[in-house]
Structures are given as C-alpha cells and as structure tokens.
file work.tsv (TSV, C-alpha atoms)
chain	number	residue	atom	x	y	z
A	1	MET	CA	1.93	29.98	21.37
A	2	SER	CA	5.41	31.25	22.04
A	3	ALA	CA	7.03	33.90	19.90
A	4	VAL	CA	9.85	33.10	17.56
A	5	LEU	CA	12.25	35.82	16.53
A	6	ALA	CA	14.94	35.00	14.03
A	7	VAL	CA	17.94	37.26	13.58
A	8	PRO	CA	20.73	37.21	11.02
A	9	ALA	CA	23.02	34.22	11.26
A	10	PHE	CA	26.17	36.28	11.70
A	11	ALA	CA	26.85	38.68	14.52
A	12	GLN	CA	27.13	42.27	13.36
A	13	THR	CA	28.14	45.56	14.82
A	14	PRO	CA	25.43	48.27	14.96
A	15	ALA	CA	27.25	50.16	12.20
A	16	GLU	CA	27.26	47.08	9.96
A	17	ALA	CA	23.58	46.47	10.55
A	18	ARG	CA	22.70	50.06	9.66
A	19	SER	CA	24.68	49.84	6.42
A	20	GLN	CA	22.64	46.89	5.18
A	21	PRO	CA	19.15	47.09	3.69
A	22	THR	CA	16.76	45.20	5.96
A	23	VAL	CA	13.91	42.90	4.98
A	24	LEU	CA	11.37	42.73	7.79
A	25	ILE	CA	9.05	39.72	7.90
A	26	VAL	CA	5.88	40.27	9.92
A	27	GLY	CA	3.95	37.03	10.00
A	28	ASP	CA	2.41	34.22	11.98
A	29	SER	CA	3.30	30.57	12.57
A	30	LEU	CA	3.80	29.94	8.85
A	31	SER	CA	6.87	32.18	9.02
A	32	ALA	CA	7.86	31.47	12.64
A	33	GLU	CA	9.00	27.86	12.05
A	34	TYR	CA	6.16	26.43	14.12
A	35	GLY	CA	6.75	22.70	14.60
A	36	LEU	CA	9.97	22.80	12.60
A	37	LYS	CA	13.62	22.40	13.47
A	38	ARG	CA	15.20	25.83	13.83
A	39	GLY	CA	16.82	27.00	10.64
A	40	THR	CA	14.63	24.94	8.30
A	41	GLY	CA	11.75	27.38	7.70
A	42	TRP	CA	11.28	29.45	4.59
A	43	VAL	CA	12.74	32.59	6.19
A	44	PRO	CA	16.13	30.99	7.00
A	45	LEU	CA	16.04	29.58	3.46
A	46	LEU	CA	15.53	33.13	2.26
A	47	GLU	CA	18.68	34.21	4.08
A	48	LYS	CA	20.58	31.45	2.28
A	49	GLN	CA	19.07	32.53	-1.05
A	50	LEU	CA	20.21	36.11	-0.48
A	51	ALA	CA	23.70	34.96	0.47
A	52	SER	CA	23.96	32.73	-2.61
A	53	ASP	CA	22.94	35.69	-4.77
A	54	ASN	CA	25.59	37.86	-3.08
A	55	LYS	CA	22.96	40.27	-1.80
A	56	ASN	CA	24.13	42.17	1.26
A	57	VAL	CA	20.72	42.19	2.93
A	58	ARG	CA	19.74	41.67	6.56
A	59	VAL	CA	16.62	39.64	7.34
A	60	VAL	CA	14.65	40.26	10.53
A	61	ASN	CA	11.92	37.73	11.22
A	62	ALA	CA	9.38	39.30	13.57
A	63	SER	CA	6.79	36.56	13.09
A	64	ILE	CA	4.80	35.23	16.04
A	65	SER	CA	2.81	32.01	16.06
A	66	GLY	CA	-0.90	32.69	16.42
A	67	ASP	CA	-0.66	36.33	15.43
A	68	THR	CA	-3.50	38.11	13.65
A	69	THR	CA	-3.58	41.22	11.50
A	70	SER	CA	-4.63	43.18	14.60
A	71	GLY	CA	-1.59	41.94	16.47
A	72	GLY	CA	0.69	42.70	13.56
A	73	ARG	CA	-0.76	46.17	13.18
A	74	SER	CA	-0.13	46.94	16.86
A	75	ARG	CA	3.45	45.63	16.72
A	76	LEU	CA	4.46	47.21	13.44
A	77	PRO	CA	5.22	50.83	14.48
A	78	ALA	CA	7.88	49.73	16.97
A	79	LEU	CA	9.38	47.30	14.46
A	80	LEU	CA	9.60	49.99	11.79
A	81	ALA	CA	11.25	52.39	14.21
A	82	GLN	CA	13.71	49.79	15.46
A	83	HIS	CA	14.78	48.16	12.20
A	84	ARG	CA	14.11	50.86	9.57
A	85	PRO	CA	13.45	48.24	6.88
A	86	ALA	CA	13.79	48.83	3.18
A	87	THR	CA	11.31	46.03	2.52
A	88	VAL	CA	8.41	44.70	4.60
A	89	VAL	CA	6.80	41.32	3.96
A	90	ILE	CA	3.35	41.01	5.54
A	91	GLU	CA	2.26	37.40	6.05
A	92	LEU	CA	-0.85	37.68	8.20
A	93	GLY	CA	-4.55	36.96	7.88
A	94	GLY	CA	-4.79	33.20	8.17
A	95	ASN	CA	-5.50	33.31	11.90
A	96	ASP	CA	-8.14	35.98	11.34
A	97	ALA	CA	-10.04	33.46	9.21
A	98	LEU	CA	-9.48	30.58	11.62
A	99	ARG	CA	-10.96	32.69	14.42
A	100	GLY	CA	-13.85	33.94	12.32
A	101	LEU	CA	-12.86	37.57	12.66
A	102	PRO	CA	-14.63	40.16	10.46
A	103	LEU	CA	-13.03	40.28	7.04
A	104	ASP	CA	-13.47	44.03	6.74
A	105	MET	CA	-11.32	44.37	9.86
A	106	THR	CA	-8.67	42.14	8.30
A	107	ALA	CA	-8.63	44.30	5.18
A	108	LYS	CA	-8.41	47.51	7.22
A	109	ASN	CA	-5.52	46.12	9.26
A	110	LEU	CA	-3.60	45.03	6.16
A	111	THR	CA	-4.19	48.43	4.60
A	112	ALA	CA	-2.99	50.22	7.73
A	113	MET	CA	0.15	48.06	7.92
A	114	THR	CA	0.88	48.64	4.26
A	115	GLN	CA	0.42	52.39	4.57
A	116	ALA	CA	2.58	52.60	7.70
A	117	SER	CA	5.36	50.63	6.00
A	118	LYS	CA	5.27	52.86	2.91
A	119	LYS	CA	5.24	55.99	5.07
A	120	ALA	CA	8.38	54.66	6.77
A	121	GLY	CA	10.05	54.39	3.35
A	122	ALA	CA	9.72	50.64	2.85
A	123	ARG	CA	8.51	48.68	-0.12
A	124	VAL	CA	5.81	46.14	0.73
A	125	LEU	CA	5.01	42.58	-0.29
A	126	LEU	CA	1.70	41.04	0.79
A	127	LEU	CA	1.46	37.26	1.01
A	128	GLY	CA	-2.09	36.22	0.20
A	129	MET	CA	-3.87	33.26	1.77
A	130	GLU	CA	-6.86	31.07	1.02
A	131	VAL	CA	-9.15	29.05	3.27
A	132	PRO	CA	-10.38	25.46	2.82
A	133	PRO	CA	-13.62	24.82	0.87
A	134	ASN	CA	-15.53	23.99	4.07
A	135	TYR	CA	-15.59	27.72	4.90
A	136	GLY	CA	-18.03	28.22	2.03
A	137	SER	CA	-17.40	29.55	-1.45
A	138	ALA	CA	-18.57	33.09	-0.73
A	139	TYR	CA	-16.40	33.48	2.37
A	140	ALA	CA	-13.41	31.86	0.66
A	141	ALA	CA	-13.68	34.18	-2.36
A	142	THR	CA	-14.02	37.27	-0.20
A	143	PHE	CA	-11.10	36.28	1.99
A	144	SER	CA	-8.68	35.47	-0.82
A	145	GLY	CA	-9.78	38.57	-2.71
A	146	LEU	CA	-9.07	41.02	0.07
A	147	PHE	CA	-5.31	40.58	-0.34
A	148	SER	CA	-5.38	41.47	-4.03
A	149	LYS	CA	-7.76	44.34	-3.29
A	150	VAL	CA	-5.41	45.87	-0.71
A	151	ALA	CA	-2.38	45.30	-2.95
A	152	LYS	CA	-4.10	46.98	-5.90
A	153	GLU	CA	-5.37	49.94	-3.90
A	154	GLU	CA	-2.03	50.51	-2.20
A	155	LYS	CA	0.03	49.67	-5.31
A	156	VAL	CA	2.24	47.12	-3.58
A	157	ALA	CA	3.57	43.70	-4.57
A	158	LEU	CA	1.50	40.56	-3.99
A	159	VAL	CA	1.91	36.81	-3.86
A	160	PRO	CA	-1.72	35.77	-4.49
A	161	PHE	CA	-1.48	32.47	-2.57
A	162	PHE	CA	1.46	31.87	-0.26
A	163	LEU	CA	0.79	28.09	-0.08
A	164	LYS	CA	0.24	27.52	-3.80
A	165	GLY	CA	1.42	24.06	-4.78
A	166	ILE	CA	1.29	23.00	-1.13
A	167	ALA	CA	-2.32	23.31	0.03
A	168	ASP	CA	-4.08	23.03	-3.33
A	169	GLY	CA	-2.65	19.79	-4.73
A	170	ASP	CA	-4.22	16.34	-4.97
A	171	ASN	CA	-2.05	15.01	-2.14
A	172	ALA	CA	-1.96	18.16	-0.04
A	173	ALA	CA	-2.02	16.30	3.29
A	174	ALA	CA	1.48	15.00	2.61
A	175	ASN	CA	2.78	18.57	2.61
A	176	PHE	CA	1.63	19.35	6.14
A	177	GLN	CA	2.49	18.48	9.69
A	178	ALA	CA	0.13	16.24	11.67
A	179	ASP	CA	-2.12	19.19	12.51
A	180	ARG	CA	-2.83	19.69	8.78
A	181	ILE	CA	-2.42	23.43	9.27
A	182	HIS	CA	1.32	24.01	9.21
A	183	PRO	CA	3.46	22.99	6.22
A	184	ASN	CA	6.18	20.47	6.97
A	185	GLU	CA	9.90	20.93	6.46
A	186	SER	CA	9.85	19.57	2.92
A	187	SER	CA	7.36	22.28	1.91
A	188	GLN	CA	9.45	25.22	3.04
A	189	ALA	CA	11.47	25.44	-0.18
A	190	ARG	CA	8.22	25.69	-2.18
A	191	MET	CA	7.01	28.46	0.13
A	192	LEU	CA	10.20	30.39	-0.58
A	193	ALA	CA	9.81	29.67	-4.30
A	194	ASN	CA	6.36	31.25	-4.16
A	195	VAL	CA	7.71	34.37	-2.45
A	196	TRP	CA	11.09	34.90	-4.08
A	197	PRO	CA	10.07	36.01	-7.61
A	198	GLU	CA	8.11	38.95	-6.22
A	199	LEU	CA	10.36	39.71	-3.27
A	200	LYS	CA	13.56	39.98	-5.28
A	201	LYS	CA	11.96	42.75	-7.36
A	202	ILE	CA	11.62	45.03	-4.36
A	203	ILE	CA	14.84	44.30	-2.47
A	204	PRO	CA	17.29	47.19	-2.87
call {"tool": "encode", "arguments": {"input": "work.tsv", "output": "structure tokens"}}
result
Amino acid sequence: MSAVLAVPAFAQTPAEARSQPTVLIVGDSLSAEYGLKRGTGWVPLLEKQLASDNKNVRVVNASISGDTTSGGRSRLPALLAQHRPATVVIELGGNDALRGLPLDMTAKNLTAMTQASKKAGARVLLLGMEVPPNYGSAYAATFSGLFSKVAKEEKVALVPFFLKGIADGDNAAANFQADRIHPNESSQARMLANVWPELKKIIP
C-alpha cells in the first residue's frame, strides 16, 4: 500500500516550525486515512481539535498503510531526528497480528520505540489494539495485554483499545468500510475521542 504523510494545514517557515511543540503520529492504515477522503481521518480531526483549543501544536502524521511494529521501529530514529517531537503517538501492532508475527517481537518493537522516543525527550502514548474472537481467546488476551504491559513497564500513557465503541459494538460492521478492517469516515470522530483524553495530558 502507498504511504500517506500528512503535514500541518498551514505553510510555516522553519523557524515557526521549530518554535512549536510537535506531536508525531507513527501508525498504520488506521491513522493514514486508508480508504478515506483526505482530511477526514482522525489525525486531521486532531489538528482541528488542537486549533479549537488554541493549542499552538504542530502535528506530523508519519503513518504508512500496512506498516508493522518492525517497520515503525526502523523508521523512528530518522523521524525523531527530523521532527524532534515533544509527543509521540505509537499506533502499530494490528498488522503484526494480521500477519501472524510473533507477539514477543511485537512487544520488543513497541518497547524499543517507546524507549527511543523517551530518550529523544518525547512523551509517549501507546494506542492499544485487539483482535477478533476468531483468533482464539488465548492469543487475543496476550495480544491486547502486551500494550498495557509495555505501557506499565515504560511508564507511558495508554489508550487500552483504540477502536473501542467501533469494533466491539452490536452493530460493528456499520462502523467499517467494505473490507471490515478499516473504520469508515463516520467512525473517525470516535477514534479521536478515544485518543484525546490521554493525549491532551501529555501535550506541552
């Protein structure tokens, strides 16, 4: 899948960009507006939320559709060096599960990304995920639990389930695109609502 990189809506000089705290989003298709009209995903909605709250914060969306925790881990050092974020949101792991990758590797990658972000001076928010019941109860519990485990060990903020109220309702199918993997446009505001209470605590 092609990469999607969102930048702030308004053009800025380098000096202006450096003067603003930066929130760096490192995610997959859930944050890269896959299948959505540009500007309707939860990250652009976050920019609008920040503007409405008069927060002078720059948002850099470095999310890539199809990315895994391994991909995010390999990309992160350059992103930290380039953008010098005050806050890093890590939204990865779903594709690890879809591809059946070892969960201990997923946990190690999330830990490494969290540690690298903290070492660079950023506060971190992990967005947890869950898998459908057909993956088996043991696998599902281990997968969802690894996010809280990393967050607790690294003492960083956590949203336990990024798609809460979207993927776990009685009529969940209505909240997704035809592929039943990616939330539709009407679900993006709920995704932001799940993230915002924790994110606003760690934005400078």
call {"tool": "closest_residue", "arguments": {"input": "work.tsv", "among": "A:Ala151, A:Leu158, A:Leu163, A:Ile90", "to": "Val23 of chain A", "atoms": "only C-alpha atoms"}}
result
A:Ile90
call {"tool": "residues_around", "arguments": {"input": "work.tsv", "residues": "Glu130 of chain A", "least_positions_apart": "4", "cutoff": "8 Å", "atoms": "only C-alpha atoms", "output": "PDB file with C-alpha atoms, keeping the file's coordinate frame"}}
result
ATOM      1  CA  GLY A  94      -4.790  33.200   8.170  1.00  0.00           C
ATOM      2  CA  ALA A 140     -13.410  31.860   0.660  1.00  0.00           C
ATOM      3  CA  PHE A 143     -11.100  36.280   1.990  1.00  0.00           C
ATOM      4  CA  SER A 144      -8.680  35.470  -0.820  1.00  0.00           C
ATOM      5  CA  PHE A 161      -1.480  32.470  -2.570  1.00  0.00           C
TER       6      PHE A 161
END
call {"tool": "closest_residue", "arguments": {"input": "work.tsv", "among": "A:Val88, A:Leu127, A:Leu36, A:Ala107", "to": "Ala178 of chain A", "atoms": "only C-alpha atoms"}}
result
A:Leu36
call {"tool": "closest_residue", "arguments": {"input": "work.tsv", "among": "A:Pro183, A:Gly27, A:Gly41, A:Gly121", "to": "Gly72 of chain A", "atoms": "all atoms listed in the file"}}
result
A:Gly27
call {"tool": "closest_residue", "arguments": {"input": "work.tsv", "among": "A:Thr68, A:Asn175, A:Ser186, A:Gln82", "to": "Leu98 of chain A", "atoms": "all atoms listed in the file"}}
result
A:Thr68
call {"tool": "atom_distance", "arguments": {"input": "work.tsv", "atom1": "atom CA of Pro133 of chain A", "atom2": "atom CA of Gly169 of chain A"}}
result
13.3 Å
call {"tool": "atom_distance", "arguments": {"input": "work.tsv", "atom1": "atom CA of Leu146 of chain A", "atom2": "atom CA of Pro132 of chain A"}}
result
15.9 Å
call {"tool": "closest_residue", "arguments": {"input": "work.tsv", "among": "A:Asp53, A:Glu198, A:Asp104, A:Asp28", "to": "Gly145 of chain A", "atoms": "only C-alpha atoms"}}
result
A:Asp104
call {"tool": "atom_distance", "arguments": {"input": "work.tsv", "atom1": "atom CA of Lys152 of chain A", "atom2": "atom CA of Leu192 of chain A"}}
result
22.5 Å
call {"tool": "residues_around", "arguments": {"input": "work.tsv", "residues": "Ala189 of chain A", "least_positions_apart": "5", "cutoff": "10 Å", "atoms": "all atoms listed in the file", "output": "list in words"}}
result
Thr40, Gly41, Trp42, Val43, Leu45, Leu46, Asn194 and Val195 of chain A
call {"tool": "closest_residue", "arguments": {"input": "work.tsv", "among": "A:Pro21, A:Gly136, A:Pro102, A:Gly66", "to": "Tyr34 of chain A", "atoms": "only C-alpha atoms"}}
result
A:Gly66
call {"tool": "axis_aligned_box", "arguments": {"input": "work.tsv", "around": "segment 35-46 of chain A", "padding_each_side": "4 Å", "output": "JSON"}}
result
{"center_x": 11.8, "center_y": 27.8, "center_z": 8.4, "size_x": 18.1, "size_y": 18.7, "size_z": 20.3}
call {"tool": "residues_around", "arguments": {"input": "work.tsv", "residues": "Lys55 of chain A", "least_positions_apart": "3", "cutoff": "12 Å", "atoms": "only C-alpha atoms", "output": "list of chain:residue names"}}
result
A:Gln20, A:Pro21, A:Thr22, A:Val23, A:Leu46, A:Glu47, A:Lys48, A:Gln49, A:Leu50, A:Ala51, A:Ser52, A:Arg58, A:Val59, A:Lys200, A:Ile203, A:Pro204
call {"tool": "build_atoms", "arguments": {"input": "work.tsv", "residues": "segment 175-187 of chain A", "atoms": "N, CA and C atoms", "output": "mmCIF file, in the coordinates of the input"}}
result
data_model
loop_
_atom_site.group_PDB
_atom_site.id
_atom_site.type_symbol
_atom_site.label_atom_id
_atom_site.label_comp_id
_atom_site.auth_asym_id
_atom_site.auth_seq_id
_atom_site.Cartn_x
_atom_site.Cartn_y
_atom_site.Cartn_z
ATOM 1 N N ASN A 175 1.939 17.375 2.520
ATOM 2 C CA ASN A 175 2.780 18.570 2.610
ATOM 3 C C ASN A 175 2.688 19.256 3.978
ATOM 4 N N PHE A 176 1.877 18.692 4.869
ATOM 5 C CA PHE A 176 1.630 19.350 6.140
ATOM 6 C C PHE A 176 2.056 18.490 7.325
ATOM 7 N N GLN A 177 2.239 19.182 8.453
ATOM 8 C CA GLN A 177 2.490 18.480 9.690
ATOM 9 C C GLN A 177 1.201 17.771 10.126
ATOM 10 N N ALA A 178 1.270 17.052 11.242
ATOM 11 C CA ALA A 178 0.130 16.240 11.670
ATOM 12 C C ALA A 178 -1.125 17.066 11.923
ATOM 13 N N ASP A 179 -0.949 18.354 12.256
ATOM 14 C CA ASP A 179 -2.120 19.190 12.510
ATOM 15 C C ASP A 179 -2.854 19.603 11.247
ATOM 16 N N ARG A 180 -2.263 19.363 10.081
ATOM 17 C CA ARG A 180 -2.830 19.690 8.780
ATOM 18 C C ARG A 180 -3.066 21.190 8.600
ATOM 19 N N ILE A 181 -2.352 21.975 9.374
ATOM 20 C CA ILE A 181 -2.420 23.430 9.270
ATOM 21 C C ILE A 181 -1.077 24.011 8.864
ATOM 22 N N HIS A 182 -0.010 23.458 9.424
ATOM 23 C CA HIS A 182 1.320 24.010 9.210
ATOM 24 C C HIS A 182 2.119 23.149 8.234
ATOM 25 N N PRO A 183 2.641 23.749 7.169
ATOM 26 C CA PRO A 183 3.460 22.990 6.220
ATOM 27 C C PRO A 183 4.658 22.346 6.898
ATOM 28 N N ASN A 184 5.041 21.179 6.389
ATOM 29 C CA ASN A 184 6.180 20.470 6.970
ATOM 30 C C ASN A 184 7.501 21.000 6.395
ATOM 31 N N GLU A 185 8.585 20.426 6.852
ATOM 32 C CA GLU A 185 9.900 20.930 6.460
ATOM 33 C C GLU A 185 10.122 20.827 4.952
ATOM 34 N N SER A 186 9.627 19.753 4.356
ATOM 35 C CA SER A 186 9.850 19.570 2.920
ATOM 36 C C SER A 186 9.102 20.588 2.069
ATOM 37 N N SER A 187 8.134 21.289 2.658
ATOM 38 C CA SER A 187 7.360 22.280 1.910
ATOM 39 C C SER A 187 7.942 23.683 1.977
#
